[in-house]
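Data first, discussion second: the structure below is written as structure tokens.
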Amino acid sequence: VVVRNKRKQRSEASGSSSRTVHVAFFHPYCHAGGGGERVLWCSIRSLIERYSFVRCHVYTGDAASGQEILERAKQRFNIDLSGSVDFVPLKRRRWVEADTWPRFTLLGQSVGSVLLGLEALTSFVPDVYIDSMGYAFTLPLFKWFAGCRVGCYVHY
């Protein structure tokens with residue numbers, strides 16, 4: 001109930017007649033600079049260019065600042081998103097890392113993804129949640145507890 005109210009309070013506080021749709025991508029390793037990150041930045045660029053009412057957010061566990069992350073995306077992929085993306089820091093990314101779970105690694109990482117998803121959910125509640133790294137257990141969290149529309153695209 002508290003989580004659902006966060007989103008409702010944000011929309012009431014904005015008070016504007018044109019509603020901004022907040023789309024959040026769950027990508028704890030967004031500063032890595034690989035193919036999955038290119039897909040992430042291209043997706044965000046496409047959403048922003050196509051829909052003026054969309055505001056994109058990225059849940060990240062990287063220590064780099066938002067400006068550093070966007071600068072790397074520009075240098076590496078020639079995708080300029082300056083000022084177009086908000087970052088939601090995650091402090092407990094280690095819960096999804098294999099080193100944290102020396103035994104029952106896949107089970108541990110699955111449990112860890114739920115815990116990291118809870119941290120993300122309590123930090124920012126979007127209208128639309130997109131898992132872009134394959135943490136499927138986060139989808140029900142955002143759908144059932146926050147009432148978000150959910151989707152996923154995972155680049156392996």
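In the structure tokens, the first chain shown is A, the next is B, and so on; residue numbers restart at 1 for each chain, and ligands run from 1 in the order shown.
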
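Looking only at range 38-122 of chain A, the set that DSSP places in strand (DSSP E or B) from backbone geometry is A:Val54, A:Arg55, A:Cys56, A:His57, A:Val58, A:Tyr59, A:Thr60, A:Val85, A:Asp86, A:Phe87, A:Val88, A:Pro89.
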
How would the residues just picked look written out with N, CA and C atoms as a JSON list (two decimals), in the first residue's frame?
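The resulting selection17.json:
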```
[["chain", "number", "residue", "atom", "x", "y", "z"],
["A", 54, "VAL", "N", 7.49, 11.05, -21.85],
["A", 54, "VAL", "CA", 8.18, 9.99, -21.12],
["A", 54, "VAL", "C", 9.43, 10.54, -20.45],
["A", 55, "ARG", "N", 9.62, 10.18, -19.20],
["A", 55, "ARG", "CA", 10.86, 10.47, -18.45],
["A", 55, "ARG", "C", 11.49, 9.14, -18.09],
["A", 56, "CYS", "N", 12.74, 8.92, -18.48],
["A", 56, "CYS", "CA", 13.41, 7.65, -18.24],
["A", 56, "CYS", "C", 14.31, 7.71, -17.01],
["A", 57, "HIS", "N", 14.35, 6.60, -16.31],
["A", 57, "HIS", "CA", 15.16, 6.43, -15.10],
["A", 57, "HIS", "C", 15.90, 5.10, -15.24],
["A", 58, "VAL", "N", 17.09, 5.03, -14.67],
["A", 58, "VAL", "CA", 17.86, 3.79, -14.67],
["A", 58, "VAL", "C", 18.27, 3.48, -13.24],
["A", 59, "TYR", "N", 17.89, 2.28, -12.78],
["A", 59, "TYR", "CA", 18.37, 1.80, -11.49],
["A", 59, "TYR", "C", 19.79, 1.28, -11.71],
["A", 60, "THR", "N", 20.76, 1.85, -11.02],
["A", 60, "THR", "CA", 22.15, 1.46, -11.22],
["A", 60, "THR", "C", 22.87, 1.18, -9.91],
["A", 85, "VAL", "N", 18.10, 11.51, -18.69],
["A", 85, "VAL", "CA", 17.95, 10.29, -17.89],
["A", 85, "VAL", "C", 18.23, 10.60, -16.43],
["A", 86, "ASP", "N", 17.41, 10.05, -15.56],
["A", 86, "ASP", "CA", 17.66, 10.15, -14.12],
["A", 86, "ASP", "C", 18.18, 8.80, -13.65],
["A", 87, "PHE", "N", 19.08, 8.83, -12.70],
["A", 87, "PHE", "CA", 19.65, 7.59, -12.17],
["A", 87, "PHE", "C", 19.20, 7.38, -10.73],
["A", 88, "VAL", "N", 18.84, 6.14, -10.43],
["A", 88, "VAL", "CA", 18.43, 5.77, -9.08],
["A", 88, "VAL", "C", 19.51, 4.83, -8.55],
["A", 89, "PRO", "N", 20.30, 5.30, -7.59],
["A", 89, "PRO", "CA", 21.42, 4.47, -7.10],
["A", 89, "PRO", "C", 20.93, 3.29, -6.26]]
```

How close does each residue of range 66-153 of chain A get to range 28-32 of chain A, giving the shortest atom pair and distance in Å to one decimal for every residue with an atom at most 12 Å away, counting only C-alpha atoms, sorted by chain and residue number, as JSON lines?
```
{"residue": "A:Gly66", "atom": "CA", "partner": "A:His31", "partner_atom": "CA", "distance": 9.4}
{"residue": "A:Gln67", "atom": "CA", "partner": "A:His31", "partner_atom": "CA", "distance": 10.9}
{"residue": "A:Glu68", "atom": "CA", "partner": "A:His31", "partner_atom": "CA", "distance": 8.5}
{"residue": "A:Ile69", "atom": "CA", "partner": "A:His31", "partner_atom": "CA", "distance": 5.5}
{"residue": "A:Leu70", "atom": "CA", "partner": "A:His31", "partner_atom": "CA", "distance": 8.5}
{"residue": "A:Glu71", "atom": "CA", "partner": "A:His31", "partner_atom": "CA", "distance": 9.9}
{"residue": "A:Arg72", "atom": "CA", "partner": "A:His31", "partner_atom": "CA", "distance": 7.4}
{"residue": "A:Ala73", "atom": "CA", "partner": "A:His31", "partner_atom": "CA", "distance": 8.0}
{"residue": "A:Lys74", "atom": "CA", "partner": "A:His31", "partner_atom": "CA", "distance": 11.6}
{"residue": "A:Gln75", "atom": "CA", "partner": "A:His31", "partner_atom": "CA", "distance": 11.9}
{"residue": "A:Arg76", "atom": "CA", "partner": "A:Ala32", "partner_atom": "CA", "distance": 10.5}
{"residue": "A:Phe87", "atom": "CA", "partner": "A:Cys30", "partner_atom": "CA", "distance": 10.1}
{"residue": "A:Val88", "atom": "CA", "partner": "A:Pro28", "partner_atom": "CA", "distance": 9.7}
{"residue": "A:Pro89", "atom": "CA", "partner": "A:Pro28", "partner_atom": "CA", "distance": 8.6}
{"residue": "A:Leu90", "atom": "CA", "partner": "A:Pro28", "partner_atom": "CA", "distance": 7.4}
{"residue": "A:Lys91", "atom": "CA", "partner": "A:Pro28", "partner_atom": "CA", "distance": 9.9}
{"residue": "A:Arg92", "atom": "CA", "partner": "A:Pro28", "partner_atom": "CA", "distance": 9.7}
{"residue": "A:Arg93", "atom": "CA", "partner": "A:Pro28", "partner_atom": "CA", "distance": 6.8}
{"residue": "A:Arg94", "atom": "CA", "partner": "A:Pro28", "partner_atom": "CA", "distance": 10.0}
{"residue": "A:Trp95", "atom": "CA", "partner": "A:Pro28", "partner_atom": "CA", "distance": 11.0}
{"residue": "A:Val96", "atom": "CA", "partner": "A:Pro28", "partner_atom": "CA", "distance": 9.3}
{"residue": "A:Glu97", "atom": "CA", "partner": "A:Pro28", "partner_atom": "CA", "distance": 10.6}
{"residue": "A:Ser113", "atom": "CA", "partner": "A:Pro28", "partner_atom": "CA", "distance": 10.2}
{"residue": "A:Leu116", "atom": "CA", "partner": "A:Pro28", "partner_atom": "CA", "distance": 9.2}
{"residue": "A:Gly117", "atom": "CA", "partner": "A:Pro28", "partner_atom": "CA", "distance": 10.2}
{"residue": "A:Glu119", "atom": "CA", "partner": "A:Pro28", "partner_atom": "CA", "distance": 11.7}
{"residue": "A:Ala120", "atom": "CA", "partner": "A:Pro28", "partner_atom": "CA", "distance": 9.9}
{"residue": "A:Asp131", "atom": "CA", "partner": "A:Pro28", "partner_atom": "CA", "distance": 10.0}
{"residue": "A:Ser132", "atom": "CA", "partner": "A:Pro28", "partner_atom": "CA", "distance": 9.3}
{"residue": "A:Met133", "atom": "CA", "partner": "A:Pro28", "partner_atom": "CA", "distance": 8.0}
{"residue": "A:Gly134", "atom": "CA", "partner": "A:Pro28", "partner_atom": "CA", "distance": 10.9}
{"residue": "A:Tyr135", "atom": "CA", "partner": "A:Pro28", "partner_atom": "CA", "distance": 10.2}
```

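For the pair CA of Gly151 in chain A and CA of Gly61 in chain A, the interatomic distance is 20.3 Å.
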
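Counting only C-alpha atoms, the residue from A:Leu107, A:Ile79, A:Val128, A:Ile48 that sits nearest to Gly33 in chain A is A:Ile79.
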
A straight line from CA of Ile130 in chain A to CA of Phe26 in chain A spans 6.2 Å

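The spacing separating CA of Trp41 in chain A from CA of Cys152 in chain A amounts to 14.5 Å.
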
Point to revise | Which of range 17-133 of chain A DSSP labels alpha helix (DSSP H), written as a PyMOL selection string | key: chain A and resi 35-50+66-77+105-123

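For the set A:Leu40, A:Val111, A:Val21, A:Leu118, the residue with the smallest atom-to-atom gap to Ser52 in chain A is A:Val21, counting only C-alpha atoms.
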
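Taking only C-alpha atoms into account, Val154 in chain A lies nearest to A:Val39 out of the set A:Ala24, A:Val39, A:Leu47, A:Val114.
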
Nearest to Leu81 in chain A, restricted to only C-alpha atoms and choosing among A:Arg50, A:Arg103, A:His27, A:Arg45, comes out as A:Arg45
